[in-house]
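Input: a single structure, listed below in structure tokens.
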Amino acid sequence: MRNHTRARHLSQRAAPFTTTTKATSQAERARRLRFTFQPVLTCLAGSFADVPQDLLKEIQALERLFTIDTAKLKQITDRFQAELDKGLSVEGGSIPMNPTWVMSFPTGYETGTYLALDMGGTNLRVCQITLTEQKSEFDIIQSKYRMPEELKTGEADELWEYIADCLMQFLETHHGDTSKLEKLPLGFTFSYPATQNYVDAGILQRWTKGFDIAGVEGHNVVPMFEAALAARGVPIKLAALINDTTGTLIASAYTDTKMKIGCIFGTGCNAAYMEDCGSIPKLAHLNLPPDTPMAINCEWGAFDNEHQVLLRTPYDITIDKDSPRPGQQAFEKMIAGLYLGEIFRLVMVDLHDNHETHIFANQDISKLRKAYSLDSSFLSAIEEDPYENLSETFELFQNKLDITPSLPELELIRRTAELIGTRAARLSACGVAAISRKKGYNTCHVGADGSVFNKYPNFKARGALALREILDWPEKNDPKEDDPIEILAAEDGSGVGAALIAALTLQRVKDGNMHGILHPENYQ
């Protein structure tokens with residue numbers, strides 16, 4: 001009883017904010033989201049003419065460390081494609097290539113009202129999505145509830161009870177008396193590493209995002225969640241447990257039939273795409289029809305854990321060595337938002353401590369020495385500085401780090417940020433190119449989400465240029481001409497995508513496709 005009372009108390013403290021939005025038409029969305037690559041200048045507004053020779057040599061050394069040429073991009077892509085195939089094999093490989101039991105793209109004509117639950121590290125988001133009679137249109141009502149820090153390291157029962165209370169609060173707000181409400185189908189976005197042998201089950205492999213709750217790892221999270229719903233009397237039935245990347249793929253395909261790949265470039269990185277069951281040897285024992293589609297959650301952050309092809313700098317090696325899980329997520333540690341600021345910080349500290357130049361000489365850099373004190377938004381701000389004298393970067397260093405850089409040091413800072421951001425964008429294109437080649441996609445759209453994709457300056461354009469180099473596209477006659485494979489801003493994967501997957505799962509069960517369903521009785 002004590003645990004339940006505490007969870008209720010926590011849910012009362014979580015003040016939600018609610019927004020209601022309506023999707024725009026597919027054509028309008030495409031018009032707004034499409035970007036055309038424009039060449040990105042990788043030099044500063046000024047030049048390096050005024051930079052002392054010792055600093056110039058440091059900049060040139062960093063350029064050699066972080067620059068990936070076209071030939072290397074192609075080599076990485078070849079290896080990536082081979083690793084994707086290996087992940088689908090019986091033996092498996094570094095990239096898990098998890099079947100998700102999402103077995104079709106949406107048609108755009110799905111209808112009905114569904115709930116979506118997104119369990120993030122900071123917030124809990126609850127959505128009600130109504131798929132309308134209009135093709136590829138939906139209405140959404142959503143509320144966010146703060147995830148109390150104390151729950152993230154508390155008891156498992158407290159977590160699930162708090163989530164059940166938030167769901168009940170949402171239903172009471174939008175439906176009033178819930179006692180007469182028929183059970184609403186729910187898509188649960190559980191974006192933590194999980195083994196999914198069924199669409200309605202998921203065994204947590206390990207907690208991430210600051211969670212460390214005993215008694216959950218190695219167990220199916222769905223019975224714990226459903227027990228809390230039952231105890232609280234919440235009129236909800238779980239239809240699907242999903243990963244946010246799979247949701248991104250499905251939500252984007254709902255509004256754009258050219259969408260074939262979903263990607264996340266944020267704090268972490270990942271991709272999902274639709275494979276044919278006949279090309280998944282590790283599912284051969286199930287005798288599924290070979291042309292049956294199956295969404296694959298790649299978990300591609302683990303690419304090249306063996307360090308065979310990625311050119312790691314000393315800074316990448318330090319990040320891996322000091323991480324909670326050395327030797328894992330090699331690709332992610334070079335391109336994801338969680339690590340970009342840390343790579344930059346390590347470069348700055350190294351240039352102060354170990355090089356003859358000794359940048360920031362005779363200054364206290366104690367704040368700069370704090371691990372993970374700089375995130376990707378710090379690099380974004382540096383790259384977005386529009387002034388030739390880099391005055392905004394100067395203020396950023398003074399305010400955040402109590403460091404007063406000289407103008408030549410500011411130019412080195414800017415170039416370092418550009419190099420790290422450019423490398424991340426170019427490496428990300430290797431994964432997109434590998435899936436596109438594997439599936440034979442000469443033209444398609446890729447739906448991408450995440451803070452790095454959406455907010456990091458020039459990330460999209462740099463990725464587009466790398467794709468052009470890898471896939472040997474001819475030069476454009478018209479700068480406004482679309483690329484054969486375009487990476488566009490994705491739809492809401494953890495909300496709309498989760499609801500759509502719930503709808504698709506209910507429909508296929510109704511049609512008699514029971515593959516990957518653990519509890520068919522729950523779909524009656």
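Residues in the structure tokens are named by chain (A, B, ... in the order shown) and by number from 1 within that chain; ligands are numbered from 1 in the order shown.
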
Residue neighbourhood A:Asn522, 9 Å, only C-alpha atoms, exclusion window fewer than 2 positions, as a ChimeraX atom specification: /A:237-239,519-520,524

Skip A:Ala156 itself and residues of its chain fewer than 3 positions away, then list as an MDAnalysis selection string all residues within 10 Å of it, counting only C-alpha atoms. chainID A and resid 3 151:153 159:161 212:216 224:225

Test item: residues at most 10 Å from A:Pro289, only C-alpha atoms, excluding those fewer than 5 positions along its chain, as an NGL selection string: :A and (276-278 or 284)

Running DSSP on the backbone, which parts of stretch 282-412 of chain A land in helix (DSSP H, G or I), as a PyMOL selection string? chain A and resi 282-286+300-302+314-322+332-335+337-353+376-384+391-401+407-412

Can you list, as a ChimeraX atom specification, every protein, DNA or RNA residue that comes within 8 Å of A:Val102 when you count only C-alpha atoms, leaving out same-chain residues fewer than 4 positions away? /A:199,294-295,501,504-505

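What separates atom CA of A:Gly268 from atom CA of A:Ser451 is a distance of 9.6 Å.
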
Find the residues near stretch 319-336 of chain A: any atom within 10 Å, counting only C-alpha atoms, skip ones fewer than 5 places away on the same chain, and give them as a PyMOL selection string. chain A and resi 94-95+264-270+299-307+310-314+341-343+346+371+376+420-428+431+450-453

Do a neighbour search on A:Gly93 at 10 Å with only C-alpha atoms, toss out local chain neighbours closer than 2 positions, and write the hits as a PyMOL selection string. chain A and resi 82-91+95-97+302-305

If you run DSSP on this backbone, which residues of stretch 36-268 of chain A come out as strand (DSSP E or B), and could you give them as an MDAnalysis selection string? chainID A and resid 98:99 112:119 123:131 138:146 184:189 194:195 203:204 220 236:242 259:265

Shortest interatomic distance to A:Gln128 - which of A:Ala381, A:Ala164, A:Ile236, A:Ala228, counting only C-alpha atoms: A:Ile236

Residues at most 12 Å from A:Gln53, counting only C-alpha atoms, excluding those fewer than 6 positions away in the same chain, as a list in words?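 Here the answer would be Ile59, Gln60, Glu356, Thr357, Pro408 and Leu412 of chain A.
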
Output all heavy atoms of each residue in that selection to a file, as a PDB file, in the first residue's frame.
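File produced: again_38.pdb:
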```pdb
ATOM      1  N   ILE A  59      45.216  22.619 -36.159  1.00  0.00           N
ATOM      2  CA  ILE A  59      43.990  22.515 -36.962  1.00  0.00           C
ATOM      3  C   ILE A  59      44.172  21.492 -38.078  1.00  0.00           C
ATOM      4  O   ILE A  59      43.302  20.636 -38.311  1.00  0.00           O
ATOM      5  CB  ILE A  59      43.609  23.897 -37.549  1.00  0.00           C
ATOM      6  CG1 ILE A  59      43.144  24.840 -36.436  1.00  0.00           C
ATOM      7  CG2 ILE A  59      42.524  23.755 -38.617  1.00  0.00           C
ATOM      8  CD1 ILE A  59      42.950  26.284 -36.869  1.00  0.00           C
ATOM      9  N   GLN A  60      45.308  21.546 -38.736  1.00  0.00           N
ATOM     10  CA  GLN A  60      45.567  20.604 -39.832  1.00  0.00           C
ATOM     11  C   GLN A  60      45.660  19.170 -39.321  1.00  0.00           C
ATOM     12  O   GLN A  60      45.197  18.230 -39.988  1.00  0.00           O
ATOM     13  CB  GLN A  60      46.864  21.009 -40.550  1.00  0.00           C
ATOM     14  CG  GLN A  60      46.717  22.301 -41.349  1.00  0.00           C
ATOM     15  CD  GLN A  60      48.045  22.885 -41.795  1.00  0.00           C
ATOM     16  OE1 GLN A  60      49.111  22.519 -41.284  1.00  0.00           O
ATOM     17  NE2 GLN A  60      47.998  23.815 -42.764  1.00  0.00           N
ATOM     18  N   GLU A 356      52.315  21.619 -27.497  1.00  0.00           N
ATOM     19  CA  GLU A 356      53.155  22.794 -27.300  1.00  0.00           C
ATOM     20  C   GLU A 356      52.374  24.106 -27.363  1.00  0.00           C
ATOM     21  O   GLU A 356      52.777  25.109 -26.785  1.00  0.00           O
ATOM     22  CB  GLU A 356      54.279  22.812 -28.346  1.00  0.00           C
ATOM     23  CG  GLU A 356      55.313  21.707 -28.153  1.00  0.00           C
ATOM     24  CD  GLU A 356      56.400  21.748 -29.206  1.00  0.00           C
ATOM     25  OE1 GLU A 356      56.437  22.736 -29.975  1.00  0.00           O
ATOM     26  OE2 GLU A 356      57.203  20.799 -29.251  1.00  0.00           O
ATOM     27  N   THR A 357      51.265  24.087 -28.073  1.00  0.00           N
ATOM     28  CA  THR A 357      50.471  25.314 -28.211  1.00  0.00           C
ATOM     29  C   THR A 357      49.868  25.746 -26.880  1.00  0.00           C
ATOM     30  O   THR A 357      49.729  26.931 -26.620  1.00  0.00           O
ATOM     31  CB  THR A 357      49.322  25.086 -29.219  1.00  0.00           C
ATOM     32  OG1 THR A 357      48.660  23.871 -28.874  1.00  0.00           O
ATOM     33  CG2 THR A 357      49.840  25.013 -30.625  1.00  0.00           C
ATOM     34  N   PRO A 408      42.491  33.632 -32.481  1.00  0.00           N
ATOM     35  CA  PRO A 408      42.985  32.417 -33.124  1.00  0.00           C
ATOM     36  C   PRO A 408      42.450  31.135 -32.455  1.00  0.00           C
ATOM     37  O   PRO A 408      42.135  30.166 -33.156  1.00  0.00           O
ATOM     38  CB  PRO A 408      44.504  32.529 -32.978  1.00  0.00           C
ATOM     39  CG  PRO A 408      44.769  33.989 -32.893  1.00  0.00           C
ATOM     40  CD  PRO A 408      43.609  34.553 -32.126  1.00  0.00           C
ATOM     41  N   LEU A 412      40.168  27.975 -34.041  1.00  0.00           N
ATOM     42  CA  LEU A 412      40.423  26.547 -33.818  1.00  0.00           C
ATOM     43  C   LEU A 412      39.191  25.865 -33.220  1.00  0.00           C
ATOM     44  O   LEU A 412      38.823  24.748 -33.625  1.00  0.00           O
ATOM     45  CB  LEU A 412      41.628  26.368 -32.890  1.00  0.00           C
ATOM     46  CG  LEU A 412      41.992  24.923 -32.516  1.00  0.00           C
ATOM     47  CD1 LEU A 412      43.505  24.754 -32.416  1.00  0.00           C
ATOM     48  CD2 LEU A 412      41.358  24.486 -31.196  1.00  0.00           C
TER      49      LEU A 412
END
```

Interatomic distance between atom CA of A:Ile413 and atom CA of A:Asn354?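 Taking atom CA of A:Ile413 as the start and atom CA of A:Asn354 as the end point, the length is 16.6 Å.
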
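Of the listed residues (A:Arg125, A:His515, A:Lys135, A:His175), A:Lys135 comes nearest to A:Asp256; the distances count only C-alpha atoms.
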